[in-house]
Structures are given as structure tokens and as C-alpha cells.
Amino acid sequence: MTEPAIKIEGLHFSYGRKNVLKGVELEVPKGSIFGFLGRNGSGKTTTIKTLLGLQKPQGGRCLVGGLDSVTQNLEIRQRVGFMAEDQQMYGWMTVSRIIKWVAGFYPNWDYKFADELLDVLRLPKNIRVKALSKGQNSSLALLLALGHRPDIVILDDPTLGLDPIARKDFLRHVIDLLQSNSVTVFFSSHLLYEIEPVADHIAILDDGVIIKASRTEQLRDSVRRFALTPTSGADFGNVPGILDVLKVGANVSVTLEDCDQAKRGSLKSMSLNGMTETALNLDEIFEAYVIGNRGRDSIVHSS
Amino acid sequence: MRIAGIIHQQICQLRWHLLACLGLIMVLPVEEGVVNLRAGSGFYSLSMAVVAATFGPLLAGLIACANVQGDLDEKRYIFWRSKPANIKLLMTLKYFVGLIASLLVLACPVVFAIATVVLFAKERIEREPMYSAPFLALIAIMTYSLCFACNVLVRKSARAWLIGMLLAGLLLVLPFVLPLNYRDFVTDTMRWTWSAYLAIVLGASAAAFVFSLYATQHDWHLRTNLKGLLWVGAGLLFVLMMLFSSQVANIKVLDEKQIDSTRGWCTLDNLDNRTIFQGQSYVDVDKGGISLRQIGSFSNHESGVSSVHGSLGIDSAGRRAAYSSRPIGYRTQNYPRNGHLYKSVDGQIYSFSIVAYYQIEREDRLQKRIYEKVYLRSYKVIEKNGMPVNELDELDISDCLTKRTDIFLPVMRLIDNVIVACVNQSCIVVDATDPGELKRIDTKLDVLKIPQPHYPDRQKEFSIPLVPVEGIGTEERIRFSIDLNCGSHYGTIDICESSIVAVHDGKIAFFLVSERDIARFDVVRWDQENIYCKFSSARPFTILEGIAGTPDRGQAFVERGSLYCCGYDTLLVFDIRSESRIRKLGHFVRMDYRIEDIAVLNDGNILLCTEWERNFSRSDPAKRKKSYLCLLKNPG
């Protein structure tokens, strides 16, 4: 078995009394595009900062490309391309100046590749950074993250603040540039529809713990929503893998993970007249995992 | 990491700030140059360049904040921090680029001044004010470093600047506001003072620099709110003021009494170990505080109820009485100017003074006092009468003035029953056992040198002439000789009731107060003509003491193991019992008031006679001079 590109073991971190990460466990396979999902404030950026060695974990450890994030953070940053959310750069520098400035930090900076990226991303060379549009700014940040040809790229909510067209444009570039080069991409976002078409692995972080991590297709296949009219006294809380139960009039919408025939049978036994099954998109799956009620208070009483 | 790229980035980042600072710091020197040019002195600047350079430390703080503010914005911080940069090296480069820029800004007015003075000044200009530039550069390094560290921590430039400046101010003042014993240790010698200062400035700079490296490395970020910051600032200022007052105002005022005075100068004199005020009232101090009791009376009287004061001849209505014996066309001048020597015989109070007669003569538009005759007189002090009743002038010491002269330097001291009186270069000793019948014991004419302000050489032994008079003991002769020769303001400050000489454990020492320090000199031996002395130790005045006013131009005297030094509105008390160390005991400052006289009471407490200077008018009672008697707790 190949070593994962990123490995997080029992990661703990807190800001003062507030525990942000409570034992995060995660493995990112090499060459994958890994979607790291979580609500705002769930700890995504904190996890990424710890991966880059920008802050020391208070428990557990992170390995990036086999390097320890605490003791070898400089090496990690040389190997990793990182783009932060809503990244701000030095506005007074021109595009070519900032490329030169960032290149100074990397002994392996590929100037030719950077020039190619300039063309691909359609960035003007001699304009000041502060004069760039938001989309161009993101493109420049992407260029600066990729110019040294990293084998791991970490993108922390990179499309934050972009309009839908710019977002799609940006993602297209990410896919074009990275997918073909077998680069591992660790992509954090709270906008699931932008991860869905590109990510082959997904992890959902909620309240400081990973509540689900799997391949995207597998996740999509395993989570199902059922619509049924429940029998009196039906207790959906007893169904294993229940994620969410939503009452809509006399009917109930039940979301189940790891759906198999046994679980379907259990549900059917609680239905008066059969049930309908639908597949969910990633957005809905995320919602079920993050804000689903797990079948609590879901005993149906006859009216 | 490309070092040149980082340096280039920093210079570009700072370029507008540097230009602004340069504009600010150069406007005054250039303007002075233009003014001098118009005045025909040539295009040069000196005083304004020094003033501008003093702003250097403030601007250095601004540059420090501007230096890293661009990097510390939260979103930009993550941008460069995520690059494989050696943070310590990066911050070191940024720090030094900014520091060099700050020092260059500070150097601009200095270089401008030196260059313009050398090249364009039409007359020779002393460049002494420029010598403060290295000190300013040191301060600038400290303010820069502190502001740099604060900005790394706080990440808000305005707040960081304020905190940095506050810290720098505290550090500069701190050595001089720490508790007395610590400060005495620091300021035992001037070398220690400046060493401590240098250590603090450089130490604080180095500590701030190292701290900023670690703070950046570990992403330390102190979130501040303005209100909290203001409270902390106010708290620090309060602590500073408390520390300041503990050093400069640590003598407790036990009581204070306001007195309406019609006289020009308040006096506290000694009569049979009791203190008398203005020659009119005994000063009694008990649990109720200060009270005045008229001499010769057992009832309490407020001051202003006049008794007789011999030589001054003030009647109860406050009118100056004429002397019956004064020759026409002559005026009189008394010594002691501000008081008298008092002596009590069989319950009757007598006073003594030297009276000189002079005429005003004009010479080249200047008025000169030409002294012709001088008398030693004794007076009988009698209650209620407004005139001197017993004027004994049989003893003519006019021989002391061998010729008409414009110099009149009288000195007089009562030692037991003997009066030693000197005028200019001559001296007499008089038996005053019976003040009504003064008897001459000895007369020595033209034996004294005119005393000059004395600044003895501290490196080698020096001698003081022993006053060649008979009739007093050796120790008193030595004391009188030293006071006569070394009282730096002899002629204006009375030594008739006070002395700078201390005799402790059989050793004789004396103390001189200069604007720089208090120095102790030991008497090593003496012979028939001279007293031989050498420098022993010194206690420099601290900067804070300097700000509050050093007592080098006031009264200084030794009493009961303590040295009392009075400045215009300042009193300092020192413990002088140790041979090697002069230790400060207390400091009292009374702003806006002039200390006119001082007395140490029998219980050790201190009585000050102070005058509130404003709105003085003899004619308008509302604006009448206000005098105060202040009773201070002796800090010794």
C-alpha cells in the first residue's frame, strides 16, 4: 500500500478554551483530489494551518508527504503549493515583481512553467496586484502556489468571494493544471457543488471531528433518501445509519447512510404503503451529515 | 531565500513613509537655514536641526510600525508565512532595513546642520548641540525596536506605536523613579548612571528584537481593544506618577499655615534652640500643628502683629523707620540680609547685625554702591515698640573697610558668646557676653582673600586658608574658615546660622552642592595657615531631580548627620553619616512657591518658610504676598 500524501492522526487544537479540533483522523491518498468539507468555523483552516506547520498541534501529528508538520515545516512548505482563502498579496507589487519575489523562496521555482501559467491564466505581467480583479487575484495566487511544481497542493476555500463564472473558470484551470500531473490536491470548501465535479475523495469535518471520509462516488451511492408514510409508533431512531428524519405533513423523509437491503427492509416495515428512494447530491449528503437529527424525536404517533 | 529581494521589498514598502518622515524632519532645519540666509548669516541650521533630530526617535517608531504592518495584515500574513521562508532571517532583514532607514532619517538634520555650518555659516558656530545626536540615535534604536515588537504582537500600527512609545518612555524614566535605595545604587557615580542607561536602551532594543522574532515565528497575536488600552495607559501613567512622587516628593507635609506678610522676605532664626519667625514670633509645634507666639508674650498672635525688630525698624503699621544715626545722603545695608543673630540674656532678647553705609554713584550709566562705613551693632528687642531701642554702635569696625569700595562681603557667626565678623578681607572677634557692651577680642585687617565660588580639584589634595583669628576653638575656626571660603554663594547666602561642615566621629568633612552633584570633601590635616582637604565621594543628581530643579543655587547646610539642600522650590535631604556614600533621604518640591528660609526643629522635623509668588502687591490687600509655614516630616 502506498503512503498517503497527507496523514493526520488524532489532531487536537484549541484557541484558548475553545476546542477547535478534537482528534481529527484523516488520510489523503496520493494523486487524489480530496474535498475537505465543513461549515464555516468547523476547523478547516485550522487543520490546514497545522498541516503547513504554521501552528503547532496541541495533540496528535500531521504528516505531509511523509514529513512531520512540526519538525519539518520548512521542507513541507517547499513541497506544497498553498492558496489561502481570500488571499491578499502586496498590492503595490506588479504581477511579475511578486512572481519574482515568491520565486526567491523556492530553490526549485520553475520560471518557464510560471510563464506558461501566466499565459494560461491570462494574467497581465506589468500591472499592479491591487489593480487586478478578484478572479485575476485568485489566478495569480494559484500561479504562485503552483510555480514550483509542488506534488501536493492545498487550496483553502480558493473561490471564496468569486462570482459564479469566475469560480467555474478558476476550477476549470485547477482541473486542467493539476489532474493531468498526478498532483495531490487537498481542497477545502463549504461550497459543495464546486467540489462535487472535481473531488474523488471527500471528508466532512464537523465540530472538530471528521464525521465522514470516503470516495465521492462511494459516498454518493451509499447515502439515500426515502419518502414514506409511517405507521403509528414507527421509531426511525432505531434504524442503523439514520442521518436525518424530516416530517412533511403525514409523510416522512428519511436519509440513510451505508444503505443496504436490511436497512431498506427495516424502513419498509415502518411504512404504511411503500416508499420511494432517491439519490442525493453532495450538497444534500453534506447537509444530512452536518445538520441531520440522526433520528432523534422521530417516533411517529397516530393522530 | 533571496535576501536582495526581501531588502528590495522592504525599501519599496517603506518608500512613502520614509519620504514623509524626511519631509517632517527636514522642514524646520531648512526653514532655519532660509531665515539665517535672509538675516545675512549664511544658509545654515543648527538649533532647529537639533530640535528636528529630537523627533527622530518618534519617527523611528512610526517607521517600525510601517515596516511590518504591510506584512502583518491577517490575510497577507498567511500568504508569506505559507512560503518556505526562514522567518527569523526574514524578520531580521526587515528589522535592520527599517532600523537603518530610521537612523538615516535621524541623521539627515544632523548631517544637514554640520554640512551647512561648515560650508555656509559666515561666522564660527559652535557645534556643541550636535553632541546629543549619538544619544538620540540610541533612543531611536530603542523606540524603533519596541514599536517593531509591539506591531508584531498587536498588528495595529497606531496602537503599536502608542504602546511602543509608552514603553520606551517608561524605560527611560524607570531607572530614576525606582525606589530610593535602588536609584542610589544606580546613581552612586555618573558612570553608573550612563552605564545603566546604555544597558537599558541596548538591552531593551535587543530584547524587543528577539521577542519580535519569536512572536512572528509562533504567530503570537495580542488582540487589543482601544478602551482597554487607554485604561492600561492611564494605569501606567498613574504608577509612573506615584513612582515619580515617591522620589521627588516623598517628604510628608505635617502642617501648613498661611501668613499674611508685609515684609519682603520671611525668615526663620534661632534663639536659644528655639525657632523664631521674622524676628517677631516663636514658632511652636505640637500635635495641633504650627502656632506662632509673639516674642515676650504668652498669648498666641497671628503673624502680622508686629513686635519690634531691631535693625529693620518696622513699626506696627508696617512703616520703615529711619535711623537716627544715619548720615545724610547715605543708605544702609544690613547683614544678615534676611534675619539676625539672636541671643537671650536674662530673659532679654538681643540681636546683632552688621550695618554698612553706602552712597549710589554713577559710572558709565551704571549705578554703583560705594561703601564707606560699616558697623557691628547689637539691638535690644522689645515688645510693642515700633523703633529700635538699644542701638549700640560704639564698636566701629569701619577699619575693616580700608578704603571706599564697591565690594561689601560681610560674614558673621555667633559662637557661644563670641561673635566672629568679617567684612571683605578683614575680620574681628567680639565678646558678646553682654550685648550691651561688646568687647573686641581680636582684629585682623587685610588677612583674608576675597572668597570666590569654590570648585576644588577632585583629583588632588587642596588647601583652604585658615582664618587667622583668636578667641574661638580650633574646630570652630576650621568650620568658619571652610564655610567662609567654600560657601559657593558667599555674600548672598547667610552662613551665620548654618554650616556645610560636618564633624562625625572626630572627622571633619564638608559638602559642596553643584548643579551636577553633591560632593563630600574630607579634612585630612591642618596647620596654622591652611586646612588640607581631599575629595571623598559624590552623589550625582538624577535626571528627574534635575527636572525638578537641582539645589545648587540655594541654601545648603549640615545638621545632625543630614545635609539639607534648598533650591528655588525644592528641598533635598541627604544622609551624610557614611564616609563613602551620600544617601538621599527625601525630596520635597513645592511648585510655584519660593522657599525663603528653612529651619530644622528640635524634634528633627523641618520648617519651611515659603512664599507664593503671584499677584504680589503691597497696596492691594487682596493681592498681598502670601507666605506659608510648612512643617515637614524629617525623612531621616
# chains A, B, ... in the order shown; residues from 1 in each chain; ligands from 1
>>> closest_atom_pairs(of="chain B", to="chain A", cutoff="9 Å", atoms="only C-alpha atoms", output="Markdown table")
| residue | atom | partner | partner_atom | distance |
| --- | --- | --- | --- | --- |
| B:Met1 | CA | A:Phe105 | CA | 4.5 |
| B:Arg2 | CA | A:Gly104 | CA | 4.8 |
| B:Ile3 | CA | A:Gly104 | CA | 8.3 |
| B:Gly5 | CA | A:Trp101 | CA | 6.1 |
| B:Ile6 | CA | A:Trp101 | CA | 7.6 |
| B:Gln9 | CA | A:Trp101 | CA | 8.1 |
| B:Cys12 | CA | A:Trp92 | CA | 8.5 |
| B:Gln13 | CA | A:Trp92 | CA | 7.9 |
| B:Gly70 | CA | A:Tyr90 | CA | 7.6 |
| B:Asp71 | CA | A:Tyr90 | CA | 8.3 |
| B:Asp73 | CA | A:Gln88 | CA | 8.8 |
| B:Glu74 | CA | A:Gln88 | CA | 8.9 |
| B:Lys75 | CA | A:Gln88 | CA | 5.5 |
| B:Arg76 | CA | A:Gln88 | CA | 4.9 |
| B:Tyr77 | CA | A:Gln88 | CA | 8.6 |
| B:Ile78 | CA | A:Ala84 | CA | 7.3 |
| B:Phe79 | CA | A:Gln87 | CA | 6.6 |
| B:Trp80 | CA | A:Val102 | CA | 8.3 |
| B:Arg81 | CA | A:Leu54 | CA | 7.3 |
| B:Ser82 | CA | A:Arg77 | CA | 6.4 |
| B:Lys83 | CA | A:Arg77 | CA | 5.9 |
| B:Pro84 | CA | A:Arg77 | CA | 4.9 |
| B:Ala85 | CA | A:Phe105 | CA | 5.9 |
| B:Asn86 | CA | A:Leu74 | CA | 7.7 |
| B:Gln217 | CA | A:Leu54 | CA | 8.4 |
| B:His218 | CA | A:Gln55 | CA | 7.0 |
| B:Asp219 | CA | A:Gln55 | CA | 7.5 |
>>> write_last_selection(atoms="C-alpha atoms", output="short mmCIF file (atom, residue, chain, number, x, y, z; two decimals), in the first residue's frame")
data_model
loop_
_atom_site.label_atom_id
_atom_site.label_comp_id
_atom_site.auth_asym_id
_atom_site.auth_seq_id
_atom_site.Cartn_x
_atom_site.Cartn_y
_atom_site.Cartn_z
CA MET B 1 15.66 32.74 0.18
CA ARG B 2 16.77 35.73 -1.87
CA ILE B 3 17.99 38.34 0.57
CA GLY B 5 14.56 40.53 -2.93
CA ILE B 6 13.49 40.93 0.68
CA GLN B 9 10.62 44.66 -0.95
CA CYS B 12 9.68 49.70 -1.68
CA GLN B 13 7.23 49.09 1.15
CA GLY B 70 2.14 45.52 5.37
CA ASP B 71 3.24 42.01 6.24
CA ASP B 73 -2.30 42.09 7.94
CA GLU B 74 -4.10 38.86 8.81
CA LYS B 75 -4.75 37.75 5.22
CA ARG B 76 -1.36 38.83 3.91
CA TYR B 77 0.39 37.26 6.86
CA ILE B 78 -0.76 33.77 5.84
CA PHE B 79 0.38 34.49 2.28
CA TRP B 80 4.05 34.94 3.05
CA ARG B 81 4.10 32.72 6.12
CA SER B 82 3.00 29.78 3.94
CA LYS B 83 6.09 30.24 1.78
CA PRO B 84 9.21 28.29 2.75
CA ALA B 85 10.83 31.35 4.28
CA ASN B 86 13.23 31.32 7.19
CA GLN B 217 7.67 32.51 14.48
CA HIS B 218 4.94 31.41 16.85
CA ASP B 219 2.26 33.65 15.40
#
>>> select_by_dssp(residues="stretch 45-271 of chain A", states="alpha helix (DSSP H)", output="ChimeraX atom specification")
/A:45-51,73-79,95-103,111-120,134-146,164-178,192-195,216-222,261-269
>>> write_last_selection(atoms="C-alpha atoms", output="tab-separated table (two decimals), in the first residue's frame")
chain	number	residue	atom	x	y	z
A	45	THR	CA	-8.43	26.43	8.07
A	46	THR	CA	-7.01	25.46	11.45
A	47	THR	CA	-6.35	21.96	10.11
A	48	ILE	CA	-4.65	23.37	7.02
A	49	LYS	CA	-2.52	25.80	9.05
A	50	THR	CA	-1.41	22.88	11.18
A	51	LEU	CA	-0.60	20.83	8.07
A	73	ASN	CA	7.57	22.50	8.23
A	74	LEU	CA	10.06	24.39	6.05
A	75	GLU	CA	10.50	21.33	3.84
A	76	ILE	CA	6.75	20.84	3.74
A	77	ARG	CA	6.25	24.39	2.53
A	78	GLN	CA	8.84	23.84	-0.16
A	79	ARG	CA	6.99	20.81	-1.43
A	95	VAL	CA	2.50	40.72	-11.15
A	96	SER	CA	5.98	40.00	-12.47
A	97	ARG	CA	7.54	41.50	-9.30
A	98	ILE	CA	5.51	39.35	-6.96
A	99	ILE	CA	6.28	36.26	-9.01
A	100	LYS	CA	9.96	37.10	-8.73
A	101	TRP	CA	9.58	37.78	-5.00
A	102	VAL	CA	7.83	34.48	-4.29
A	103	ALA	CA	10.25	32.62	-6.56
A	111	TYR	CA	10.22	30.13	-14.27
A	112	LYS	CA	9.23	28.58	-17.60
A	113	PHE	CA	6.23	26.92	-16.06
A	114	ALA	CA	5.31	30.12	-14.30
A	115	ASP	CA	5.41	31.95	-17.63
A	116	GLU	CA	3.18	29.29	-19.12
A	117	LEU	CA	0.78	29.69	-16.25
A	118	LEU	CA	0.74	33.44	-16.84
A	119	ASP	CA	-0.46	32.80	-20.35
A	120	VAL	CA	-2.91	30.09	-19.40
A	134	LYS	CA	-10.87	39.32	-7.81
A	135	GLY	CA	-10.74	36.49	-10.34
A	136	GLN	CA	-7.31	37.57	-11.56
A	137	ASN	CA	-6.16	37.81	-7.98
A	138	SER	CA	-7.20	34.19	-7.39
A	139	SER	CA	-5.49	33.14	-10.60
A	140	LEU	CA	-2.30	34.87	-9.51
A	141	ALA	CA	-2.48	33.18	-6.11
A	142	LEU	CA	-2.89	29.85	-7.92
A	143	LEU	CA	0.10	30.62	-10.08
A	144	LEU	CA	2.18	31.45	-7.02
A	145	ALA	CA	1.07	28.22	-5.39
A	146	LEU	CA	1.99	26.11	-8.42
A	164	PRO	CA	-20.11	32.05	-10.32
A	165	ILE	CA	-18.42	32.49	-13.71
A	166	ALA	CA	-15.05	33.32	-12.19
A	167	ARG	CA	-15.45	30.38	-9.83
A	168	LYS	CA	-16.13	27.96	-12.70
A	169	ASP	CA	-13.25	29.43	-14.66
A	170	PHE	CA	-10.94	29.03	-11.72
A	171	LEU	CA	-11.97	25.42	-11.08
A	172	ARG	CA	-11.52	24.60	-14.74
A	173	HIS	CA	-7.95	25.85	-14.51
A	174	VAL	CA	-7.36	23.84	-11.34
A	175	ILE	CA	-8.55	20.68	-13.01
A	176	ASP	CA	-6.63	21.34	-16.22
A	177	LEU	CA	-3.41	22.12	-14.47
A	178	LEU	CA	-3.43	19.56	-11.70
A	192	LEU	CA	-20.21	21.55	-2.10
A	193	TYR	CA	-21.37	21.94	-5.64
A	194	GLU	CA	-17.94	23.20	-6.62
A	195	ILE	CA	-16.21	20.21	-5.05
A	216	THR	CA	-17.01	10.61	-3.61
A	217	GLU	CA	-18.79	8.01	-5.70
A	218	GLN	CA	-18.99	5.63	-2.80
A	219	LEU	CA	-20.49	8.34	-0.63
A	220	ARG	CA	-22.96	9.28	-3.27
A	221	ASP	CA	-24.01	5.65	-3.71
A	222	SER	CA	-24.27	4.84	-0.06
A	261	GLN	CA	-31.21	-4.25	1.79
A	262	ALA	CA	-31.53	-4.86	5.53
A	263	LYS	CA	-31.89	-1.15	6.23
A	264	ARG	CA	-34.30	-0.73	3.39
A	265	GLY	CA	-36.34	-3.65	4.87
A	266	SER	CA	-36.44	-2.02	8.28
A	267	LEU	CA	-37.71	1.19	6.81
A	268	LYS	CA	-40.26	-0.52	4.69
A	269	SER	CA	-41.68	-2.22	7.76
>>> atom_distance(atom1="atom CA of B:His340", atom2="atom CA of B:Asn602")
19.5 Å
>>> residues_around(residues="stretch 25-41 of chain A", least_positions_apart="3", cutoff="9 Å", atoms="only C-alpha atoms", output="MDAnalysis selection string")
chainID A and resid 2:11 20 44:45 65 151:152 156 178:179 181:192 195:196 198:207 209:210 213 215:216 286 290
>>> write_last_selection(atoms="C-alpha atoms", output="tab-separated table (two decimals), in the first residue's frame")
chain	number	residue	atom	x	y	z
A	2	THR	CA	1.36	3.42	-0.96
A	3	GLU	CA	1.98	6.00	1.69
A	4	PRO	CA	-0.76	8.66	1.84
A	5	ALA	CA	0.13	12.17	0.68
A	6	ILE	CA	-1.30	13.63	3.86
A	7	LYS	CA	-1.86	11.77	7.10
A	8	ILE	CA	-3.48	13.33	10.14
A	9	GLU	CA	-3.51	11.37	13.39
A	10	GLY	CA	-5.56	12.44	16.43
A	11	LEU	CA	-5.12	16.14	15.77
A	20	VAL	CA	-11.45	23.63	17.53
A	44	LYS	CA	-10.87	23.51	8.14
A	45	THR	CA	-8.43	26.43	8.07
A	65	GLY	CA	4.42	13.88	2.03
A	151	ASP	CA	3.40	17.45	-5.66
A	152	ILE	CA	0.82	18.41	-3.07
A	156	ASP	CA	-8.25	26.59	1.33
A	178	LEU	CA	-3.43	19.56	-11.70
A	179	GLN	CA	-5.35	16.50	-12.75
A	181	ASN	CA	0.11	15.94	-13.44
A	182	SER	CA	-0.94	13.42	-10.74
A	183	VAL	CA	-0.67	16.12	-8.10
A	184	THR	CA	-2.46	15.56	-4.82
A	185	VAL	CA	-4.98	18.33	-4.28
A	186	PHE	CA	-6.39	18.96	-0.83
A	187	PHE	CA	-9.33	21.23	-1.50
A	188	SER	CA	-11.26	22.71	1.38
A	189	SER	CA	-14.59	24.37	0.80
A	190	HIS	CA	-18.02	24.85	2.18
A	191	LEU	CA	-19.48	25.17	-1.31
A	192	LEU	CA	-20.21	21.55	-2.10
A	195	ILE	CA	-16.21	20.21	-5.05
A	196	GLU	CA	-18.62	17.62	-6.39
A	198	VAL	CA	-13.75	17.61	-9.18
A	199	ALA	CA	-13.20	15.70	-5.94
A	200	ASP	CA	-12.61	11.97	-5.98
A	201	HIS	CA	-12.41	11.77	-2.20
A	202	ILE	CA	-14.45	13.61	0.39
A	203	ALA	CA	-14.07	14.23	4.12
A	204	ILE	CA	-16.60	16.06	6.20
A	205	LEU	CA	-15.37	17.92	9.24
A	206	ASP	CA	-17.89	18.96	11.80
A	207	ASP	CA	-17.33	20.40	15.24
A	209	VAL	CA	-14.02	15.81	14.15
A	210	ILE	CA	-14.19	14.03	10.80
A	213	ALA	CA	-14.45	10.29	4.84
A	215	ARG	CA	-14.51	8.20	-2.07
A	216	THR	CA	-17.01	10.61	-3.61
A	286	PHE	CA	-23.35	17.15	3.50
A	290	VAL	CA	-23.92	18.04	9.35
>>> atom_distance(atom1="atom CA of B:Thr275", atom2="atom CA of B:Thr550")
26.5 Å
>>> atom_distance(atom1="atom CA of A:Gly161", atom2="atom CA of A:Leu121")
18.1 Å
>>> residues_around(residues="B:Leu167", least_positions_apart="6", cutoff="9 Å", atoms="only C-alpha atoms", output="PyMOL selection string")
chain B and resi 143+146-147
>>> residues_around(residues="stretch 503-514 of chain B", least_positions_apart="4", cutoff="8 Å", atoms="only C-alpha atoms", output="PyMOL selection string")
chain B and resi 482+486-488+518-523+551-553+556+561+565+577
>>> write_last_selection(atoms="N, CA and C atoms", output="JSON list (two decimals), in the first residue's frame")
[["chain", "number", "residue", "atom", "x", "y", "z"],
["B", 482, "ILE", "N", 36.08, 77.08, 56.46],
["B", 482, "ILE", "CA", 35.54, 76.33, 55.32],
["B", 482, "ILE", "C", 34.27, 77.00, 54.81],
["B", 486, "CYS", "N", 34.29, 78.22, 51.13],
["B", 486, "CYS", "CA", 33.69, 77.24, 50.20],
["B", 486, "CYS", "C", 32.18, 77.41, 50.04],
["B", 487, "GLY", "N", 31.57, 78.28, 50.83],
["B", 487, "GLY", "CA", 30.17, 78.56, 50.57],
["B", 487, "GLY", "C", 30.10, 79.20, 49.20],
["B", 488, "SER", "N", 29.65, 78.47, 48.24],
["B", 488, "SER", "CA", 29.80, 78.90, 46.85],
["B", 488, "SER", "C", 29.06, 80.19, 46.57],
["B", 518, "ILE", "N", 26.42, 66.35, 44.55],
["B", 518, "ILE", "CA", 26.81, 66.77, 45.89],
["B", 518, "ILE", "C", 28.11, 66.05, 46.19],
["B", 519, "ALA", "N", 29.12, 66.81, 46.53],
["B", 519, "ALA", "CA", 30.44, 66.18, 46.73],
["B", 519, "ALA", "C", 30.84, 66.31, 48.19],
["B", 520, "ARG", "N", 31.47, 65.27, 48.68],
["B", 520, "ARG", "CA", 31.98, 65.28, 50.05],
["B", 520, "ARG", "C", 33.50, 65.43, 50.00],
["B", 521, "PHE", "N", 34.01, 66.34, 50.82],
["B", 521, "PHE", "CA", 35.45, 66.54, 50.92],
["B", 521, "PHE", "C", 35.84, 66.34, 52.38],
["B", 522, "ASP", "N", 36.89, 65.59, 52.59],
["B", 522, "ASP", "CA", 37.36, 65.32, 53.94],
["B", 522, "ASP", "C", 38.53, 66.23, 54.28],
["B", 523, "VAL", "N", 38.55, 66.71, 55.53],
["B", 523, "VAL", "CA", 39.71, 67.47, 56.02],
["B", 523, "VAL", "C", 40.73, 66.45, 56.47],
["B", 551, "PRO", "N", 19.42, 71.81, 43.65],
["B", 551, "PRO", "CA", 19.53, 72.89, 44.65],
["B", 551, "PRO", "C", 20.89, 73.55, 44.67],
["B", 552, "ASP", "N", 21.52, 73.70, 43.53],
["B", 552, "ASP", "CA", 22.88, 74.22, 43.52],
["B", 552, "ASP", "C", 22.95, 75.72, 43.75],
["B", 553, "ARG", "N", 21.84, 76.40, 43.64],
["B", 553, "ARG", "CA", 21.88, 77.85, 43.83],
["B", 553, "ARG", "C", 21.15, 78.29, 45.09],
["B", 556, "ALA", "N", 22.46, 75.51, 51.63],
["B", 556, "ALA", "CA", 22.83, 74.13, 51.96],
["B", 556, "ALA", "C", 23.47, 74.14, 53.34],
["B", 561, "GLY", "N", 23.73, 65.09, 61.16],
["B", 561, "GLY", "CA", 24.02, 63.96, 60.25],
["B", 561, "GLY", "C", 23.29, 64.01, 58.94],
["B", 565, "CYS", "N", 19.56, 70.63, 51.37],
["B", 565, "CYS", "CA", 19.87, 71.47, 50.21],
["B", 565, "CYS", "C", 18.59, 72.08, 49.69],
["B", 577, "ARG", "N", 26.14, 60.46, 56.95],
["B", 577, "ARG", "CA", 26.93, 59.85, 58.03],
["B", 577, "ARG", "C", 27.98, 58.88, 57.50]]
>>> select_by_dssp(residues="stretch 9-234 of chain A", states="strand (DSSP E or B)", output="PyMOL selection string")
chain A and resi 9-15+18-28+33-38+59-64+67-68+80-83+94+128+152-156+184-189+201-206+209-215+224-230
